[in-house]
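*Asks:* Dumping the structure here so I can ask a few things about it.
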Amino acid sequence: MSNDTASVYSGKEKLVLGLDILFTYILMIFGNVVTTTGSGMACPDWPLCYGTVNPPKAISVWIEWGHRMIGGITGFLILAAAFLVWKKAGPAIRFFLKIAVATIVAAILLGGGIIIIDAPLLDSFMRIAVVSSHIVSSTIIFVTMIIAYHSVSSRAGEAADRFSVFLFVLVYAQIVIGIVVRYAHASMGCGPDWPLCQGSILPPDYSFEVLLHYIHRLIAYVIFGLTLWKLATLLKAGSPARQAGITFGLVLLQAAIGIGIVQTVMFLPLLVAHGAAGFALLGWTAWLGAPGMIGARAAED
Ligand code: HEM
């Protein structure tokens with residue numbers, strides 16, 4: 001019988017979904033390291049690397065090849081999880097599993113396509129769209145797996161909370177804009193200035209790079225304000241504030257690293273840390289928003 005209650009699932013399904021989430025997260029950080037170290041084109045062909053599974057021993061080649069290996073394991077785990085959970089799942093969980101499987105197929109094809117069509121040579125907007133959508137696809141898989149995990153865990157059935165769903169959507173929009181900032185080379189769009197932008201409060205010009213970077217900062221301030229407000233409200237009312245405290249802590253960390261990137265003119269470890277902390281914040285807000293998203297999906301069926 002298929003339903004969406006946690007009691008029908010065994011430890012096996014939880015384990016595979018948990019591994020999916022872990023591997024997808026590692027894959028996203030690895031993807032950041034690939035581009036931060038400029039290793040994206042180190043393997044000129046796909047799916048093999050220099051026509052072999054044992055490519056030349058150069059660091060950039062092994063970073064890119066390692067990224068593909070982890071991608072392969074992650075793809076396999078996602079298909080295994082979908083297969084295991086599918087039979088017992090109700091329509092709401094099946095909806096999220098379908099999205100994850102369709103996205104992994106698209107991500108693999110797109111990843112290979114980036115190499116085969118030699119994306120860096122595409123004209124700029126097309127290149128930004130193709131490369132960004134590859135990373136965005138991993139965030140979709142990450143989020144859908146977290147929602148599926150929530151549904152099979154003992155936390156399933158928690159009350160839906162509109163604020164958490166709204167915050168998740170806002171953070172997701174910020175993550176997608178951050179990814180575009182990175183691949184549009186808009187990281188220094190405001191120069192090394194913070195809180196000003198090239199010495200001015202408003203954008204100094206309306207070029208794509210400046211506006212994109214400026215919007216990324218503005219949304220960060222909104223997220224910062226909202227999460228601080230939520231924490232303060234709960235503390236004032238004497239209500240449990242642990243989750244709100246973690247959320248605000250992650251936002252604070254993420255914003256501090258972002259400011260650090262700008263002020264150090266893109267110190268490489270900070271670029272990796274901003275990706276890692278940003279994706280962790282995305283995962284956390286997806287977890288908190290999961291009951292609301294599953295509830296909304298179930299109500300539509
Ligand atoms: C809630 C706050 C924030 C979130 C969730 C966030 C998230 C992200 C994400 C996910 C990326 C793409 C990382 C990747 O592809 O690996 C990014 C890029 C970037 N963000 Fe943020 N960000 C936030 C705040 C800020 C702030 C306050 C600043 C600066 C004042 C900033 C500056 C940047 C820069 C410069 C990049 C491009 C980095 C690169 O070239 O790799 N971010 N952001």
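By order in the structure tokens, chains are A, B, ...; within a chain, residues start at 1; ligands start at 1, following the order shown.
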Which parts of segment 202-269 of chain A does DSSP call alpha helix (DSSP H) when run on the backbone here, written out as number ranges by chain?

*Replies:* A: 208-237, 242-263, 268-269

*Asks:* Next, dump the selected residues to file, keeping only C-alpha atoms, as a short mmCIF file (atom, residue, chain, number, x, y, z; two decimals), in the first residue's frame.

*Replies:*
data_model
loop_
_atom_site.label_atom_id
_atom_site.label_comp_id
_atom_site.auth_asym_id
_atom_site.auth_seq_id
_atom_site.Cartn_x
_atom_site.Cartn_y
_atom_site.Cartn_z
CA PHE A 208 24.69 43.69 -15.73
CA GLU A 209 27.60 42.79 -13.38
CA VAL A 210 27.03 45.71 -10.99
CA LEU A 211 23.25 45.21 -10.79
CA LEU A 212 23.54 41.46 -10.31
CA HIS A 213 26.07 41.84 -7.51
CA TYR A 214 24.05 44.64 -5.91
CA ILE A 215 20.83 42.56 -5.94
CA HIS A 216 22.73 39.65 -4.32
CA ARG A 217 23.72 42.00 -1.47
CA LEU A 218 20.18 43.43 -1.12
CA ILE A 219 18.58 39.98 -0.84
CA ALA A 220 21.23 39.05 1.76
CA TYR A 221 20.13 42.05 3.88
CA VAL A 222 16.47 40.99 3.61
CA ILE A 223 17.32 37.42 4.68
CA PHE A 224 19.48 38.75 7.51
CA GLY A 225 16.67 41.06 8.72
CA LEU A 226 13.97 38.38 8.52
CA THR A 227 15.94 35.71 10.35
CA LEU A 228 17.02 38.17 13.05
CA TRP A 229 13.40 39.32 13.47
CA LYS A 230 12.18 35.71 13.78
CA LEU A 231 14.82 34.88 16.38
CA ALA A 232 14.13 38.04 18.40
CA THR A 233 10.35 37.43 18.31
CA LEU A 234 10.70 33.85 19.59
CA LEU A 235 13.15 34.85 22.31
CA LYS A 236 10.88 37.69 23.44
CA ALA A 237 7.90 35.33 23.64
CA ARG A 242 16.98 26.72 18.75
CA GLN A 243 16.09 26.31 15.05
CA ALA A 244 15.75 30.06 14.52
CA GLY A 245 19.13 30.49 16.27
CA ILE A 246 20.81 27.98 13.93
CA THR A 247 19.23 29.67 10.89
CA PHE A 248 20.41 33.12 11.95
CA GLY A 249 23.89 31.77 12.79
CA LEU A 250 24.22 30.26 9.29
CA VAL A 251 23.02 33.48 7.63
CA LEU A 252 25.49 35.53 9.69
CA LEU A 253 28.35 33.19 8.75
CA GLN A 254 27.38 33.25 5.06
CA ALA A 255 27.14 37.05 4.93
CA ALA A 256 30.50 37.42 6.74
CA ILE A 257 32.21 35.12 4.23
CA GLY A 258 30.59 37.04 1.33
CA ILE A 259 31.91 40.33 2.71
CA GLY A 260 35.30 38.65 3.19
CA ILE A 261 35.34 37.61 -0.51
CA VAL A 262 34.78 41.19 -1.61
CA GLN A 263 37.25 42.76 0.82
CA LEU A 268 40.20 31.40 -2.97
CA PRO A 269 39.43 29.49 0.29
#

*Asks:* Please provide the set of residues having any atom within 8 Å of segment 174-185 of chain A, restricted to only C-alpha atoms, with same-chain residues fewer than 2 positions apart removed, written as a list in words.

*Replies:*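 Counting only the stated atoms, we get Ser124, Ile128, Val131, Ser132, Ile135, Val136, Leu170, Val171, Tyr172, Ser187, Met188, Glu209, Leu212, His213, His216, Ile219, Ala220, Gly278, Phe279 and Leu282 of chain A.
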
*Asks:* Please dump the current selection as a PDB file, in the first residue's frame; keep C-alpha atoms.

*Replies:*
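Final file, result_2.pdb:
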ATOM      1  CA  SER A 124      28.568  35.183 -22.768  1.00  0.00           C
ATOM      2  CA  ILE A 128      26.386  31.784 -18.105  1.00  0.00           C
ATOM      3  CA  VAL A 131      27.142  26.570 -16.739  1.00  0.00           C
ATOM      4  CA  SER A 132      24.832  28.015 -14.033  1.00  0.00           C
ATOM      5  CA  ILE A 135      24.996  23.808 -10.684  1.00  0.00           C
ATOM      6  CA  VAL A 136      21.352  24.779 -10.170  1.00  0.00           C
ATOM      7  CA  LEU A 170      13.971  33.402  -0.612  1.00  0.00           C
ATOM      8  CA  VAL A 171      17.200  31.574   0.238  1.00  0.00           C
ATOM      9  CA  TYR A 172      16.821  29.458  -2.911  1.00  0.00           C
ATOM     10  CA  SER A 187      31.976  38.793  -8.004  1.00  0.00           C
ATOM     11  CA  MET A 188      33.741  42.156  -7.884  1.00  0.00           C
ATOM     12  CA  GLU A 209      27.604  42.786 -13.383  1.00  0.00           C
ATOM     13  CA  LEU A 212      23.542  41.458 -10.308  1.00  0.00           C
ATOM     14  CA  HIS A 213      26.066  41.845  -7.507  1.00  0.00           C
ATOM     15  CA  HIS A 216      22.732  39.649  -4.322  1.00  0.00           C
ATOM     16  CA  ILE A 219      18.578  39.982  -0.836  1.00  0.00           C
ATOM     17  CA  ALA A 220      21.228  39.051   1.761  1.00  0.00           C
ATOM     18  CA  GLY A 278      25.487  28.681   1.271  1.00  0.00           C
ATOM     19  CA  PHE A 279      24.528  25.139   0.262  1.00  0.00           C
ATOM     20  CA  LEU A 282      19.888  25.922   1.574  1.00  0.00           C
TER      21      LEU A 282
END

*Asks:* What's the separation between atom CA of Trp86 of chain A and atom CA of Thr285 of chain A, in Å to one decimal place?

*Replies:*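 Going from atom CA of Trp86 of chain A over to atom CA of Thr285 of chain A covers 24.6 Å.
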
*Asks:* If we count only C-alpha atoms and set the cut-off at 6 Å, which residues sit around segment 39-48 of chain A, ignoring sequence neighbours fewer than 3 positions away in its own chain? Please answer as a list in words.

*Replies:*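 These residues fall inside the cut-off: Val34, Thr35, Gly51, Thr52, Val53, Ser60, Val61, Glu64 and Gly112 of chain A.
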
*Asks:* Give me, as a CSV table (one decimal) with N, CA and C atoms, in the first residue's frame, all polymer residues having an atom no more than 9 Å from segment 139-148 of chain A, counting only C-alpha atoms and skipping those fewer than 3 positions away in the same chain.

*Replies:*
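Final output, saved to selection_23.csv:
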chain,number,residue,atom,x,y,z
A,17,LEU,N,18.8,7.5,1.3
A,17,LEU,CA,18.4,8.9,1.1
A,17,LEU,C,19.4,9.8,1.8
A,18,GLY,N,19.9,9.4,3.0
A,18,GLY,CA,20.9,10.2,3.8
A,18,GLY,C,22.2,10.3,3.0
A,20,ASP,N,22.5,10.0,-0.3
A,20,ASP,CA,22.2,10.8,-1.4
A,20,ASP,C,22.5,12.3,-1.1
A,21,ILE,N,22.0,12.7,0.1
A,21,ILE,CA,22.1,14.1,0.5
A,21,ILE,C,23.6,14.4,0.7
A,22,LEU,N,24.3,13.5,1.4
A,22,LEU,CA,25.7,13.8,1.7
A,22,LEU,C,26.5,13.9,0.4
A,24,THR,N,25.5,14.5,-2.6
A,24,THR,CA,25.1,15.6,-3.5
A,24,THR,C,25.8,16.9,-2.9
A,25,TYR,N,25.8,17.0,-1.6
A,25,TYR,CA,26.5,18.2,-1.0
A,25,TYR,C,28.0,18.2,-1.3
A,28,MET,N,28.5,19.3,-4.8
A,28,MET,CA,28.3,20.7,-5.1
A,28,MET,C,29.6,21.5,-4.7
A,78,ILE,N,21.0,8.0,-6.2
A,78,ILE,CA,19.6,8.7,-6.3
A,78,ILE,C,18.7,7.7,-7.0
A,85,VAL,N,12.2,3.7,-2.4
A,85,VAL,CA,11.2,4.5,-1.7
A,85,VAL,C,9.9,4.5,-2.6
A,93,ILE,N,5.4,12.3,-2.1
A,93,ILE,CA,6.8,11.9,-2.2
A,93,ILE,C,7.2,11.5,-3.6
A,94,ARG,N,6.3,10.8,-4.3
A,94,ARG,CA,6.6,10.4,-5.7
A,94,ARG,C,6.9,11.6,-6.5
A,96,PHE,N,8.3,14.4,-5.7
A,96,PHE,CA,9.7,14.9,-5.4
A,96,PHE,C,10.7,14.0,-6.0
A,97,LEU,N,10.4,12.6,-5.9
A,97,LEU,CA,11.4,11.7,-6.5
A,97,LEU,C,11.5,11.8,-8.0
A,99,ILE,N,11.0,14.5,-9.7
A,99,ILE,CA,11.9,15.7,-10.0
A,99,ILE,C,13.3,15.4,-9.9
A,100,ALA,N,13.7,14.6,-8.8
A,100,ALA,CA,15.1,14.3,-8.6
A,100,ALA,C,15.7,13.5,-9.7
A,101,VAL,N,14.9,12.4,-10.1
A,101,VAL,CA,15.4,11.5,-11.2
A,101,VAL,C,15.5,12.3,-12.5
A,103,THR,N,16.0,15.4,-12.9
A,103,THR,CA,17.1,16.4,-12.9
A,103,THR,C,18.4,15.7,-13.0
A,104,ILE,N,18.6,14.6,-12.4
A,104,ILE,CA,19.9,13.9,-12.4
A,104,ILE,C,20.2,13.5,-13.9
A,135,ILE,N,24.9,23.8,-12.2
A,135,ILE,CA,25.0,23.8,-10.7
A,135,ILE,C,23.6,23.9,-10.1
A,136,VAL,N,22.7,24.7,-10.7
A,136,VAL,CA,21.4,24.8,-10.2
A,136,VAL,C,20.7,23.4,-10.1
A,151,SER,N,10.2,13.3,4.8
A,151,SER,CA,9.0,12.5,4.7
A,151,SER,C,9.1,11.1,5.3
A,152,VAL,N,10.3,10.5,5.2
A,152,VAL,CA,10.5,9.1,5.7
A,152,VAL,C,11.0,9.1,7.1
A,153,SER,N,11.4,10.3,7.6
A,153,SER,CA,12.0,10.3,8.9
A,153,SER,C,10.9,10.4,10.0
A,172,TYR,N,16.6,30.1,-1.6
A,172,TYR,CA,16.8,29.5,-2.9
A,172,TYR,C,17.1,30.5,-4.0
A,175,ILE,N,20.5,31.8,-3.6
A,175,ILE,CA,21.5,30.8,-4.0
A,175,ILE,C,21.7,30.9,-5.6
A,176,VAL,N,20.5,30.9,-6.3
A,176,VAL,CA,20.6,30.9,-7.7
A,176,VAL,C,21.2,32.2,-8.2
A,279,PHE,N,25.3,26.4,0.6
A,279,PHE,CA,24.5,25.1,0.3
A,279,PHE,C,24.0,24.5,1.6
A,282,LEU,N,21.0,26.4,2.4
A,282,LEU,CA,19.9,25.9,1.6
A,282,LEU,C,19.3,24.6,2.1
A,283,GLY,N,20.2,23.7,2.4
A,283,GLY,CA,19.7,22.4,3.0
A,283,GLY,C,18.9,22.5,4.2
A,284,TRP,N,19.4,23.4,5.1
A,284,TRP,CA,18.8,23.6,6.4
A,284,TRP,C,17.4,24.2,6.2
A,286,ALA,N,15.6,24.1,3.6
A,286,ALA,CA,14.7,23.1,2.9
A,286,ALA,C,14.1,22.1,3.9
A,287,TRP,N,15.0,21.7,4.9
A,287,TRP,CA,14.5,20.8,5.9
A,287,TRP,C,13.4,21.4,6.8
A,289,GLY,N,11.5,23.9,5.8
A,289,GLY,CA,10.3,24.1,5.0
A,289,GLY,C,9.6,22.9,4.5
A,290,ALA,N,10.2,21.7,4.7
A,290,ALA,CA,9.7,20.5,4.1
A,290,ALA,C,8.3,20.2,4.5
A,291,PRO,N,7.9,20.3,5.8
A,291,PRO,CA,6.5,19.9,6.1
A,291,PRO,C,5.5,20.8,5.3
A,293,MET,N,6.0,22.2,2.3
A,293,MET,CA,6.0,21.9,0.9
A,293,MET,C,5.4,20.5,0.6
A,294,ILE,N,5.6,19.6,1.5
A,294,ILE,CA,4.9,18.2,1.3
A,294,ILE,C,3.4,18.4,1.5

*Asks:* Leaving out Asp193 of chain A and any residue of its chain fewer than 2 positions from it, which residues lie within 10 Å of it when counting only C-alpha atoms, given as a ChimeraX atom specification?

*Replies:* /A:188-191,195-200,259,262-265

*Asks:* Create the file for the chosen residues now, containing C-alpha atoms and written as a PDB file, in the first residue's frame.

*Replies:*
ATOM      1  CA  MET A 188      33.741  42.156  -7.884  1.00  0.00           C
ATOM      2  CA  GLY A 189      30.809  44.068  -9.425  1.00  0.00           C
ATOM      3  CA  CYS A 190      30.882  46.561  -6.521  1.00  0.00           C
ATOM      4  CA  GLY A 191      34.675  46.572  -6.306  1.00  0.00           C
ATOM      5  CA  PRO A 195      28.929  48.289   2.725  1.00  0.00           C
ATOM      6  CA  LEU A 196      29.188  50.757  -0.180  1.00  0.00           C
ATOM      7  CA  CYS A 197      29.286  49.736  -3.836  1.00  0.00           C
ATOM      8  CA  GLN A 198      32.252  51.343  -5.602  1.00  0.00           C
ATOM      9  CA  GLY A 199      32.024  54.149  -3.029  1.00  0.00           C
ATOM     10  CA  SER A 200      28.305  54.793  -3.497  1.00  0.00           C
ATOM     11  CA  ILE A 259      31.907  40.330   2.707  1.00  0.00           C
ATOM     12  CA  VAL A 262      34.782  41.189  -1.610  1.00  0.00           C
ATOM     13  CA  GLN A 263      37.245  42.765   0.817  1.00  0.00           C
ATOM     14  CA  THR A 264      40.048  40.283   0.090  1.00  0.00           C
ATOM     15  CA  VAL A 265      39.379  40.540  -3.661  1.00  0.00           C
TER      16      VAL A 265
END

*Asks:* My list of candidates is A:Gly275, A:Pro56, A:Pro240, A:Gly292. Which is closest to ligand 1 when distances are computed with only C-alpha atoms and all ligand atoms?

*Replies:*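 Answer, going by the shortest atom-to-atom distance: A:Gly275.
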
*Asks:* Nearest to Tyr9 of chain A: which of A:Ala80, A:Ala89, A:Cys49, A:Ile70 is it, counting only C-alpha atoms?

*Replies:* A:Ala89

*Asks:* Please report the interatomic distance between atom CA of Gly66 of chain A and atom CA of Phe83 of chain A in Å with one decimal.

*Replies:*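 Between atom CA of Gly66 of chain A and atom CA of Phe83 of chain A the gap works out to 25.8 Å.
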
*Asks:* For ligand 1, which of A:Gly11, A:Gly75, A:Pro91, A:Gly38 is the closest residue, counting only C-alpha atoms and all ligand atoms?

*Replies:*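 When distances to ligand 1 are compared using only C-alpha atoms and all ligand atoms, the smallest one comes from A:Gly38.
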
*Asks:* What is the atom 41 (O, counted along the ligand's line) of ligand 1-atom CA of Thr37 of chain A distance in Å, reported with one decimal?

*Replies:*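 Taking atom 41 (O, counted along the ligand's line) of ligand 1 as the start and atom CA of Thr37 of chain A as the end point, the length is 10.6 Å.
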
*Asks:* Nearest residue to ligand 1 out of A:Asn54, A:Asn32, A:Ser207, A:Ser10, using only C-alpha atoms and all ligand atoms?

*Replies:*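 The shortest atom-to-atom distance to ligand 1 comes from A:Asn32.
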